[in-house]
Structure formats: C-alpha cells, structure tokens
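Heads up, final31.txt below (compact mmCIF, C-alpha atoms):
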# COMPACT_ATOMS: atom_id res chain seq x y z
CA MET A 1 -36.35 58.76 39.79
CA ASN A 2 -33.67 56.98 37.83
CA VAL A 3 -34.45 53.25 37.57
CA VAL A 4 -32.13 50.67 36.06
CA CYS A 5 -33.49 47.24 35.15
CA ILE A 6 -30.88 44.54 34.75
CA PHE A 7 -31.68 41.22 33.10
CA PRO A 8 -28.98 38.55 33.50
CA ILE A 9 -29.36 36.56 30.29
CA THR A 10 -26.40 34.20 30.25
CA GLY A 11 -27.36 31.39 27.90
CA ASN A 12 -30.75 33.01 27.20
CA HIS A 13 -30.04 35.74 24.68
CA GLU A 14 -33.00 34.58 22.58
CA ASN A 15 -35.25 36.11 25.28
CA ILE A 16 -34.00 39.66 24.80
CA ALA A 17 -36.60 40.65 22.22
CA LYS A 18 -39.45 39.19 24.31
CA ILE A 19 -38.28 41.12 27.37
CA MET A 20 -38.05 44.38 25.40
CA LEU A 21 -41.52 43.92 23.96
CA GLU A 22 -43.04 43.29 27.38
CA PHE A 23 -41.12 46.25 28.74
CA LYS A 24 -42.60 48.53 26.12
CA GLU A 25 -46.15 47.30 26.45
CA THR A 26 -46.63 46.84 30.19
CA ILE A 27 -43.60 47.24 32.44
CA GLY A 28 -42.20 50.57 31.20
CA PRO A 29 -45.51 52.49 31.21
CA GLN A 30 -46.38 51.16 34.68
CA LEU A 31 -42.98 52.04 36.12
CA LYS A 32 -43.44 55.52 34.67
CA ILE A 33 -46.80 55.91 36.40
CA LEU A 34 -45.18 54.79 39.65
CA GLY A 35 -42.50 57.47 39.44
CA ALA A 36 -39.68 56.24 37.22
CA THR A 37 -38.71 59.34 35.25
CA GLN A 38 -35.62 57.80 33.70
CA LEU A 39 -35.43 54.16 32.68
CA GLU A 40 -32.56 52.09 31.44
CA ILE A 41 -32.35 48.43 30.48
CA LYS A 42 -29.17 46.41 30.70
CA PHE A 43 -28.71 42.81 29.63
CA ALA A 44 -25.94 41.24 31.69
CA GLY A 45 -23.99 38.13 30.88
CA ASN A 46 -23.81 36.11 27.69
CA GLU A 47 -20.79 35.71 25.50
CA TYR A 48 -19.34 39.15 25.31
CA VAL A 49 -16.62 41.22 26.85
CA TYR A 50 -17.96 44.08 28.88
CA VAL A 51 -14.90 46.14 29.69
CA GLY A 52 -11.48 46.00 28.20
CA THR A 53 -9.67 44.61 31.20
CA ASN A 54 -8.84 41.16 29.96
CA GLN A 55 -8.85 39.06 26.84
CA THR A 56 -11.40 36.42 27.64
CA LEU A 57 -14.43 36.09 25.44
CA GLU A 58 -16.46 34.16 27.97
CA GLY A 59 -19.39 36.04 29.45
CA PRO A 60 -19.09 37.13 33.05
CA PRO A 61 -20.86 35.08 35.72
CA LYS A 62 -24.20 36.37 36.97
CA GLY A 63 -23.06 38.55 39.86
CA LYS A 64 -20.12 40.00 38.00
CA GLY A 65 -22.31 40.86 35.03
CA ILE A 66 -24.81 42.63 37.28
CA LEU A 67 -22.10 44.56 39.11
CA GLN A 68 -20.52 45.63 35.84
CA CYS A 69 -23.88 46.92 34.69
CA ILE A 70 -24.29 48.89 37.90
CA ARG A 71 -20.81 50.39 37.68
CA ASN A 72 -21.42 51.37 34.07
CA CYS A 73 -24.45 53.56 34.79
CA PRO A 74 -23.96 57.02 33.26
CA THR A 75 -25.87 58.64 36.11
CA PRO A 76 -26.19 57.06 39.58
CA PRO A 77 -29.48 55.16 39.72
CA ASN A 78 -31.95 55.53 42.57
CA VAL A 79 -33.36 52.04 42.27
CA ILE A 80 -31.80 48.94 40.77
CA ILE A 81 -34.04 46.06 39.75
CA SER A 82 -32.67 42.72 38.65
CA CYS A 83 -34.75 39.99 37.06
CA ASP A 84 -33.39 36.75 35.62
CA GLY A 85 -33.94 36.75 31.88
CA SER A 86 -34.59 33.03 31.75
CA ASN A 87 -38.39 33.34 31.38
CA LYS A 88 -38.88 31.46 34.67
CA ILE A 89 -40.15 34.54 36.51
CA PRO A 90 -42.99 36.43 34.79
CA TYR A 91 -41.45 39.81 33.98
CA SER A 92 -44.61 41.68 34.96
CA TYR A 93 -43.68 41.08 38.62
CA ILE A 94 -41.06 43.80 38.14
CA ILE A 95 -43.95 46.26 38.47
CA ASN A 96 -44.99 44.76 41.83
CA ILE A 97 -41.43 44.86 43.11
CA PHE A 98 -41.02 48.51 42.10
CA GLN A 99 -44.41 49.45 43.51
CA GLU A 100 -43.39 47.91 46.82
CA ILE A 101 -39.99 49.61 47.07
CA VAL A 102 -41.37 53.07 46.34
CA SER A 103 -44.30 52.57 48.70
CA ASP A 104 -42.23 53.23 51.84
CA TYR A 105 -39.28 55.59 52.17
CA ASN A 106 -37.71 53.30 54.78
CA LEU A 107 -37.73 50.23 52.56
CA CYS A 108 -34.26 49.58 51.20
CA CYS A 109 -34.72 46.24 49.54
CA VAL A 110 -37.55 44.15 48.11
CA MET A 111 -37.16 40.54 47.12
CA ALA A 112 -39.51 38.11 45.43
CA ASN A 113 -40.91 35.20 47.39
CA ARG A 114 -41.55 32.19 45.19
CA LYS A 115 -44.88 30.72 46.25
CA GLY A 116 -45.42 27.03 45.59
CA ASN A 117 -43.25 26.07 42.65
CA LYS A 118 -39.67 27.26 43.29
CA ALA A 119 -38.51 26.10 39.86
CA ILE A 120 -35.52 24.34 41.45
CA SER A 121 -34.90 20.82 42.70
CA GLU A 122 -35.85 19.78 46.24
CA PHE A 123 -32.21 19.38 47.19
CA ARG A 124 -31.25 22.81 45.90
CA TYR A 125 -34.21 24.31 47.72
CA LEU A 126 -33.07 22.68 50.95
CA ILE A 127 -29.62 24.21 50.54
CA GLU A 128 -31.12 27.62 49.79
CA ASN A 129 -33.13 27.33 53.00
CA PHE A 130 -30.00 26.45 54.91
CA GLU A 131 -28.06 29.40 53.50
CA ILE A 132 -30.80 31.79 54.55
CA PHE A 133 -31.06 30.08 57.92
CA ILE A 134 -27.38 30.62 58.72
CA LEU A 135 -27.54 34.29 57.75
CA ARG A 136 -30.53 34.76 60.04
CA LYS A 137 -28.75 33.00 62.88
CA TYR A 138 -25.49 34.84 62.32
CA TYR A 139 -27.17 38.23 62.54
CA ASN A 140 -29.65 37.21 65.27
CA HIS A 141 -32.50 38.03 62.98
CA ASN A 142 -35.81 36.83 64.39
CA ARG A 143 -38.13 37.50 61.48
CA ILE A 144 -39.00 34.69 59.13
CA ILE A 145 -37.37 35.14 55.74
CA PRO A 146 -39.59 33.29 53.27
CA ASP A 147 -37.18 33.34 50.35
CA GLY A 148 -34.21 35.52 49.51
CA GLN A 149 -32.70 33.73 46.56
CA CYS A 150 -35.24 34.33 43.86
CA GLY A 151 -33.76 35.99 40.79
CA LEU A 152 -36.06 39.01 41.09
CA TRP A 153 -35.13 41.78 43.50
CA ALA A 154 -34.65 45.50 43.86
CA TYR A 155 -32.76 47.80 46.16
CA LYS A 156 -32.17 51.49 46.67
CA TYR A 157 -28.75 52.39 45.38
CA GLY A 158 -26.23 54.70 47.02
CA LYS A 159 -26.10 56.30 50.45
CA LEU A 160 -29.39 55.87 52.26
CA ASN A 161 -30.38 58.43 54.86
CA LEU A 162 -32.32 56.45 57.42
CA ASN A 163 -33.32 58.76 60.24
CA GLY A 164 -29.95 60.45 60.02
CA ASP A 165 -28.14 57.13 59.88
CA LYS A 166 -26.19 56.81 56.60
CA LYS A 167 -26.12 53.29 55.22
CA GLU A 168 -25.38 51.71 51.88
CA ILE A 169 -25.88 48.33 50.24
CA ASN A 170 -22.56 47.29 48.81
CA LEU A 171 -22.66 44.16 46.64
CA ILE A 172 -19.48 42.34 45.67
CA ALA A 173 -20.59 38.79 44.76
CA GLU A 174 -19.53 37.63 41.32
CA GLY A 175 -21.62 34.50 40.81
CA TYR A 176 -24.95 33.00 41.80
CA GLU A 177 -24.34 34.21 45.36
CA ILE A 178 -25.41 37.75 44.39
CA GLU A 179 -28.85 37.33 46.00
CA LEU A 180 -27.30 36.00 49.21
CA ASP A 181 -24.93 38.95 49.17
CA LEU A 182 -27.90 41.30 49.01
CA LEU A 183 -29.68 39.52 51.83
CA GLY A 184 -26.50 39.50 53.93
CA GLU A 185 -26.03 43.25 53.41
CA VAL A 186 -29.63 43.90 54.44
CA LEU A 187 -29.31 41.83 57.62
CA LYS A 188 -25.82 43.08 58.52
CA ASN A 189 -26.92 46.73 58.23
CA ASN A 190 -30.28 46.01 59.82
CA LEU A 191 -32.08 47.55 56.84
CA THR A 192 -35.80 47.45 56.24
CA TYR A 193 -36.85 44.95 53.60
CA SER A 194 -39.97 43.25 52.36
CA PHE A 195 -41.09 40.47 50.08
CA VAL A 196 -43.51 40.32 47.19
CA ASP A 197 -45.13 36.97 46.49
CA VAL A 198 -44.61 35.63 43.00
CA THR A 199 -46.14 32.54 41.44
CA LEU A 200 -43.91 30.91 38.90
CA PRO A 201 -45.60 29.09 36.05
CA HIS A 202 -45.23 25.37 36.42
CA ALA A 203 -42.62 23.83 34.16
CA PRO A 204 -40.97 20.43 34.44
CA LEU A 205 -37.53 20.91 36.01
CA GLU A 206 -35.86 19.08 33.14
CA ASN A 207 -37.18 21.80 30.80
CA VAL A 208 -35.80 24.65 32.90
CA LYS A 209 -32.59 25.97 31.37
CA SER A 210 -30.05 26.71 34.08
CA LEU A 211 -26.27 26.76 34.23
CA PHE A 212 -26.36 26.21 37.99
CA ASN A 213 -24.57 23.06 39.18
CA TYR A 214 -23.64 21.43 42.49
CA GLU A 215 -20.28 23.22 42.66
CA ASN A 216 -22.13 26.54 42.69
CA ASN A 217 -23.59 25.57 46.09
CA LEU A 218 -20.07 25.31 47.47
CA LYS A 219 -19.02 28.56 45.81
CA LYS A 220 -21.96 30.25 47.49
CA MET A 221 -20.97 28.88 50.88
CA LYS A 222 -17.34 29.84 50.38
CA PHE A 223 -18.49 33.34 49.56
CA LEU A 224 -20.57 33.47 52.75
CA PHE A 225 -17.58 32.30 54.79
CA THR A 226 -15.47 35.05 53.26
CA ARG A 227 -18.09 37.77 53.60
CA HIS A 228 -19.12 36.92 57.17
CA GLU A 229 -15.87 36.10 58.86
CA ARG A 230 -16.96 34.08 61.93
CA LEU A 231 -19.50 32.04 60.01
CA LYS A 232 -17.21 29.12 59.24
CA ASP A 233 -16.55 28.57 62.95
CA LEU A 234 -20.27 28.30 63.59
CA ILE A 235 -21.25 26.07 60.70
CA ASP A 236 -21.33 22.76 62.65
CA LYS A 237 -23.64 24.30 65.22
CA TYR A 238 -25.87 25.73 62.49
CA PHE A 239 -26.09 22.37 60.69
CA LEU A 240 -27.36 20.75 63.90
CA GLU A 241 -29.86 23.50 64.61
CA PHE A 242 -31.12 23.47 61.03
CA GLU A 243 -31.65 19.70 60.99
CA LYS A 244 -33.62 19.88 64.22
CA ILE A 245 -36.26 22.10 62.66
CA ASN A 246 -35.96 20.83 59.06
CA PRO A 247 -36.08 17.02 58.98
CA ILE A 248 -34.22 15.88 55.89
CA LYS A 249 -36.29 13.73 53.54
CA PRO A 250 -34.86 10.21 53.01
CA GLU A 251 -34.64 10.67 49.21
CA ILE A 252 -32.18 13.56 49.54
CA LYS A 253 -30.49 12.50 52.77
CA GLU A 254 -27.37 11.16 51.03
CA GLN A 255 -26.95 14.32 48.94
CA TRP A 256 -27.37 16.41 52.07
CA GLU A 257 -24.73 14.44 53.99
CA ASN A 258 -22.30 14.81 51.09
CA TYR A 259 -23.02 18.52 50.97
CA LYS A 260 -22.26 18.85 54.68
CA LEU A 261 -18.95 17.08 54.21
CA ASP A 262 -18.04 19.27 51.25
CA VAL A 263 -18.94 22.44 53.15
CA LYS A 264 -16.71 21.43 56.03
CA LYS A 265 -13.87 20.84 53.59
CA ILE A 266 -14.03 24.36 52.16
CA THR A 267 -10.65 25.99 52.41
CA PHE A 268 -9.31 29.42 51.57
CA SER A 269 -6.28 29.75 49.37
CA MET B 1 -38.73 58.89 30.27
CA GLY B 2 -40.95 59.78 27.33
CA ASP B 3 -40.96 56.99 24.78
CA THR B 4 -37.21 56.80 24.69
CA ILE B 5 -35.19 54.03 26.28
CA ARG B 6 -31.48 53.38 26.72
CA VAL B 7 -30.45 49.75 26.25
CA GLU B 8 -27.17 47.92 26.69
CA MET B 9 -26.88 44.44 25.25
CA PRO B 10 -24.48 41.89 23.86
CA ILE B 11 -24.39 40.97 20.20
CA PRO B 12 -24.65 37.18 20.26
CA GLN B 13 -21.98 35.37 18.30
CA ASP B 14 -24.58 33.78 16.03
CA SER B 15 -26.60 36.95 15.43
CA LYS B 16 -27.86 37.13 11.85
CA VAL B 17 -26.88 40.80 11.77
CA LEU B 18 -23.22 39.76 11.67
CA SER B 19 -23.60 38.22 8.24
CA ARG B 20 -25.44 41.26 6.89
CA CYS B 21 -23.52 44.22 8.31
CA ALA B 22 -19.76 44.63 8.23
CA THR B 23 -19.54 47.75 10.38
CA ILE B 24 -21.51 49.70 12.95
CA GLY B 25 -21.88 52.26 10.17
CA ASP B 26 -24.00 49.72 8.26
CA LEU B 27 -26.23 49.35 11.29
CA MET B 28 -26.49 53.11 11.59
CA SER B 29 -27.70 53.30 8.00
CA GLU B 30 -30.34 50.65 8.69
CA TYR B 31 -31.46 52.26 11.94
CA PRO B 32 -31.04 56.00 11.43
CA LYS B 33 -33.43 56.85 14.26
CA LEU B 34 -31.28 55.11 16.88
CA ARG B 35 -28.42 56.85 18.62
CA PHE B 36 -25.50 54.48 19.05
CA VAL B 37 -23.70 55.43 22.24
CA LYS B 38 -21.02 52.87 22.92
CA TYR B 39 -19.51 49.73 21.44
CA ILE B 40 -17.03 47.34 23.03
CA TYR B 41 -15.44 44.75 20.78
CA LEU B 42 -12.41 42.62 20.11
CA ASP B 43 -10.64 44.21 17.17
CA PRO B 44 -9.85 41.37 14.73
CA SER B 45 -6.94 43.33 13.22
CA ASP B 46 -4.80 43.31 16.37
CA ASN B 47 -6.84 41.03 18.66
CA LYS B 48 -7.19 43.77 21.28
CA LEU B 49 -10.29 44.86 23.14
CA LYS B 50 -11.46 48.31 22.23
CA GLY B 51 -14.22 50.60 23.36
CA VAL B 52 -15.62 53.20 21.03
CA ASN B 53 -17.84 56.03 22.19
CA PRO B 54 -19.61 56.85 19.91
CA PRO B 55 -19.09 53.79 17.67
CA GLY B 56 -18.72 55.30 14.16
CA ILE B 57 -17.73 52.87 11.41
CA THR B 58 -15.93 50.28 13.53
CA PRO B 59 -16.10 46.66 12.39
CA LEU B 60 -19.09 44.71 13.64
CA VAL B 61 -17.83 41.55 15.32
CA LYS B 62 -19.29 38.70 17.39
CA ASN B 63 -19.15 38.71 21.17
CA SER B 64 -19.31 42.49 21.30
CA TYR B 65 -21.48 44.75 23.41
CA ILE B 66 -23.48 47.73 22.26
CA THR B 67 -25.34 50.61 23.90
CA PHE B 68 -28.01 52.57 22.08
CA VAL B 69 -30.86 54.98 22.71
CA GLY B 70 -34.09 55.38 20.81
CA GLU B 71 -37.84 55.20 20.77
CA TYR B 72 -39.33 51.91 21.90
CA GLY B 73 -40.59 50.82 18.49
CA GLU B 74 -37.24 51.29 16.79
CA VAL B 75 -35.33 49.83 19.75
CA ILE B 76 -37.46 46.69 19.71
CA ARG B 77 -37.03 46.29 15.96
CA PHE B 78 -33.27 46.57 16.41
CA VAL B 79 -33.12 44.27 19.44
CA THR B 80 -35.16 41.62 17.66
CA ASP B 81 -32.88 41.86 14.64
CA LEU B 82 -29.73 41.71 16.75
CA SER B 83 -30.75 38.79 18.95
CA SER B 84 -32.21 36.58 16.23
CA CYS B 85 -30.04 33.87 14.75

Show how you would write the structure in this file as structure tokens.
Amino acid sequence: MNVVCIFPITGNHENIAKIMLEFKETIGPQLKILGATQLEIKFAGNEYVYVGTNQTLEGPPKGKGILQCIRNCPTPPNVIISCDGSNKIPYSYIINIFQEIVSDYNLCCVMANRKGNKAISEFRYLIENFEIFILRKYYNHNRIIPDGQCGLWAYKYGKLNLNGDKKEINLIAEGYEIELDLLGEVLKNNLTYSFVDVTLPHAPLENVKSLFNYENNLKKMKFLFTRHERLKDLIDKYFLEFEKINPIKPEIKEQWENYKLDVKKITFS
Amino acid sequence: MGDTIRVEMPIPQDSKVLSRCATIGDLMSEYPKLRFVKYIYLDPSDNKLKGVNPPGITPLVKNSYITFVGEYGEVIRFVTDLSSC
C-alpha cells in the first residue's frame, strides 16, 4: 500500500526536522506494520515555488500546497494523510488515523476529532460548528459530526469501488477550506467515514502560531457557496436553525452578528 | 518501505546550507548516500523558474524545493541541516 503523508508547514519550517525524527522512530515503523509498503513524506507550503507556472515566490496557501503535493506523486497513492506541521496536533495520532482507515474496506475517510481543547478561539470554533452544521443540513445528513476541521485527516485516493459503485473524493480547495472540502465530498457522495479522538496538548492561544485570520472565515464560506450551489439561498434559514440549537454566548454575540452580516454580503465576481 | 524514505521539502530562505553550499553538487558531495531526485528553483541568472530532474550541479538558491531519497538516518541529518537557520 502506497501511503503519502503531507505536512503543511507554512510558517513552521523549523518543525521539519522534528517531524522527520518522529517519523523515523515511531510513525514510519508503525505504518509499515499496519500495511504501508511504500511511504513518502511531503512538506507543503512555506516560501518556495512548487511548479514553474508563475513567478511568485510566496508559498502556496494550505489547500493549494496539499493539492500540489498530491498531483506530484510519482505513483498514485492508495492513502493520503495530511497533518498540520504546526506542532499543535501530536504527530503520533497519524498512526491512529491510518489504523482506522485500513481497518474497514468501506471506510473512505477518517478525520480527527479534537476532544476538549480545540486550540482555536471560541468564536472560530463557533464558526467551524456552523460550517459543519450547514453541510449536514444541505445533504440531509442525520449523523452527528463531532469535528471535521481538524488539521489531521486521511482519505483513500482514486476511484473507490464501493459495492460496484465507483466513487472518488475530488478535492479542489486552495486555502484553509481544504478540510471542509473533504467533508463536503464525503457527505455529497454519501461515503463512509469515521473519526478518531485526539487530545491536543494545552497551550495558551496567544502562543499558538497560526496564519488564520477573520477573512479566512469568509473565504471558507465563499468556497462552500461555490462548491454547493444552492447553499447561499438557504443560508438565512440555516442561521436561524443553528442559533436555535446553539445559543450564542454574550461575549461573542457581536462578533457573530458581524460575521452573519459579512456572510450575507458575500458576492461572486 | 525498508529503511528508505522519499522526502519533498522546501529549502527555507534563511537555511544555513545556503551560505555553505553554492550548488546542489556541493550538497551531493556532503551527502553521497542520498539520491537527489528533483530540484525546482528560480534561476538567478535569468530570473526564470526551472525544474531539474535529476538536479546535477545547479546553483543552490533560497526559496527552492528539493526531492531526495535515502535511508532514514541520512535523510534526517540532511533535513536537520537544511531546515536549520
């Protein structure tokens, strides 16, 4: 089984050596025991130019970097694993994710579920919940989705033969919306998925290095509107339904109201 | 898999390797056990992006991207060297 591990490391290139060391000592040998006959590591992002298509020296955004890594595989992989290289998620959970995805032939995707500490602000977590909520509603999905935007996930690459039904996960997101793109593909194609609980080490949010900003929330929503064409028409209804079951805390109420206004203002050029 | 791993990674613009090695050839001399597969870089002579496969003695420049294969121990030594500033 050909397994490709991608580590988006934009702004975190100092972690590369640590990741490699851990890969050698624990992750690689365990993946081998679990059936990975061919392993490849790709570090996506950072300040480099990946393919000679333009002249910019800025690193690609997260999703684009991951997709470039996937396209650049010399042999088609069977399983793709992506884990943020920011040190927020313990890398050893890669083993758990891989163990889960190879445990059942029908499983197409496994995502990490951040238990307790999500390593993001309360407001950002609320928005993440809302984004998952609208995907569930849009695809009439009744199961609870506990997370879906953690930076650790895996999926089976290429055409999947599911009881004679050929399906494929096709990711196109270029930014932080890559995880939502994966979740959307899973729900749209009605694919089997599962979650693996992960516990993130506690770290004060101000110490967590992230390039994510408020505008990225709107980019994510714009992507969802583009990817799921009737979604924009339903967004008012979904806001109301979401607020009924998720009372907004007073301390983030103003931010939430501003977010709603900004989402409604999203246009397509 | 054996003990061999294929790695693709950027060369950070402040990598200490840049001040020590002028070309990929210099790196090859330092790491003879590694197989250098591919190198993508901005050629300072004409300011154009180029991809070299295999790299040979092309100039080593910042903001480039390199692919290599080797045994874990040697790969980790190289990665540590490349990513340290």

Given a cut-off of 10 Å, which residues of chain B touch chain A, counting only C-alpha atoms, written out as a ChimeraX atom specification?
/B:1-13,15,39-42,47-51,62-67,69,71-73,75-85

Give me the residues near segment 21-38 of chain B as a PyMOL selection string, where near means some atom within 6 Å (using all atoms listed in the file) and where sequence neighbours in that chain fewer than 4 positions away do not count.
chain B and resi 17+52-60+66-70

For Tyr91 of chain A, work out the shell of residues within 10 Å, counting only C-alpha atoms and skipping chain neighbours fewer than 4 positions away, then give it as number ranges by chain.
A: 7, 18-19, 22-23, 26-27, 83-87, 95-96, 152

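Minimum atom-to-atom distances from A:Thr10, A:Thr267, A:Ser92, A:Asn140 to Thr226 of chain A were compared using only C-alpha atoms, and the lowest value belongs to A:Thr267.
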
Spatial neighbours of Arg230 of chain A, max dist 12 Å, all atoms listed in the file, sep filter under 2 positions, as a PDB file with C-alpha atoms, in the frame of the given file:
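The result, stored in around-v9.pdb:
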ATOM      1  CA  ILE A 134     -27.380  30.620  58.720  1.00  0.00           C
ATOM      2  CA  LEU A 135     -27.540  34.290  57.750  1.00  0.00           C
ATOM      3  CA  LYS A 137     -28.750  33.000  62.880  1.00  0.00           C
ATOM      4  CA  TYR A 138     -25.490  34.840  62.320  1.00  0.00           C
ATOM      5  CA  TYR A 139     -27.170  38.230  62.540  1.00  0.00           C
ATOM      6  CA  LEU A 224     -20.570  33.470  52.750  1.00  0.00           C
ATOM      7  CA  PHE A 225     -17.580  32.300  54.790  1.00  0.00           C
ATOM      8  CA  THR A 226     -15.470  35.050  53.260  1.00  0.00           C
ATOM      9  CA  ARG A 227     -18.090  37.770  53.600  1.00  0.00           C
ATOM     10  CA  HIS A 228     -19.120  36.920  57.170  1.00  0.00           C
ATOM     11  CA  LYS A 232     -17.210  29.120  59.240  1.00  0.00           C
ATOM     12  CA  ASP A 233     -16.550  28.570  62.950  1.00  0.00           C
ATOM     13  CA  LEU A 234     -20.270  28.300  63.590  1.00  0.00           C
ATOM     14  CA  ILE A 235     -21.250  26.070  60.700  1.00  0.00           C
TER      15      ILE A 235
END

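Taking atom CA of Asn113 of chain A and atom CA of Gln99 of chain A as endpoints, the distance between them is 15.2 Å.
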
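Those residues that approach Ile144 of chain A to within 12 Å, counting all atoms listed in the file, are Asn113, Asn129, Ile132, Phe133, Leu135, Arg136, Lys137, Asn140, His141, Asn142, Pro146, Asp147, Gly148, Tyr193, Ser194 and Phe195 of chain A; same-chain residues fewer than 2 positions away are not listed.
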
Just the selected residues (C-alpha atoms), exported as a PDB file, in the frame of the given file, please.
ATOM      1  CA  ASN A 113     -40.910  35.200  47.390  1.00  0.00           C
ATOM      2  CA  ASN A 129     -33.130  27.330  53.000  1.00  0.00           C
ATOM      3  CA  ILE A 132     -30.800  31.790  54.550  1.00  0.00           C
ATOM      4  CA  PHE A 133     -31.060  30.080  57.920  1.00  0.00           C
ATOM      5  CA  LEU A 135     -27.540  34.290  57.750  1.00  0.00           C
ATOM      6  CA  ARG A 136     -30.530  34.760  60.040  1.00  0.00           C
ATOM      7  CA  LYS A 137     -28.750  33.000  62.880  1.00  0.00           C
ATOM      8  CA  ASN A 140     -29.650  37.210  65.270  1.00  0.00           C
ATOM      9  CA  HIS A 141     -32.500  38.030  62.980  1.00  0.00           C
ATOM     10  CA  ASN A 142     -35.810  36.830  64.390  1.00  0.00           C
ATOM     11  CA  PRO A 146     -39.590  33.290  53.270  1.00  0.00           C
ATOM     12  CA  ASP A 147     -37.180  33.340  50.350  1.00  0.00           C
ATOM     13  CA  GLY A 148     -34.210  35.520  49.510  1.00  0.00           C
ATOM     14  CA  TYR A 193     -36.850  44.950  53.600  1.00  0.00           C
ATOM     15  CA  SER A 194     -39.970  43.250  52.360  1.00  0.00           C
ATOM     16  CA  PHE A 195     -41.090  40.470  50.080  1.00  0.00           C
TER      17      PHE A 195
END

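Atom CA of Leu218 of chain A is positioned 6.5 Å from atom CA of Val263 of chain A.
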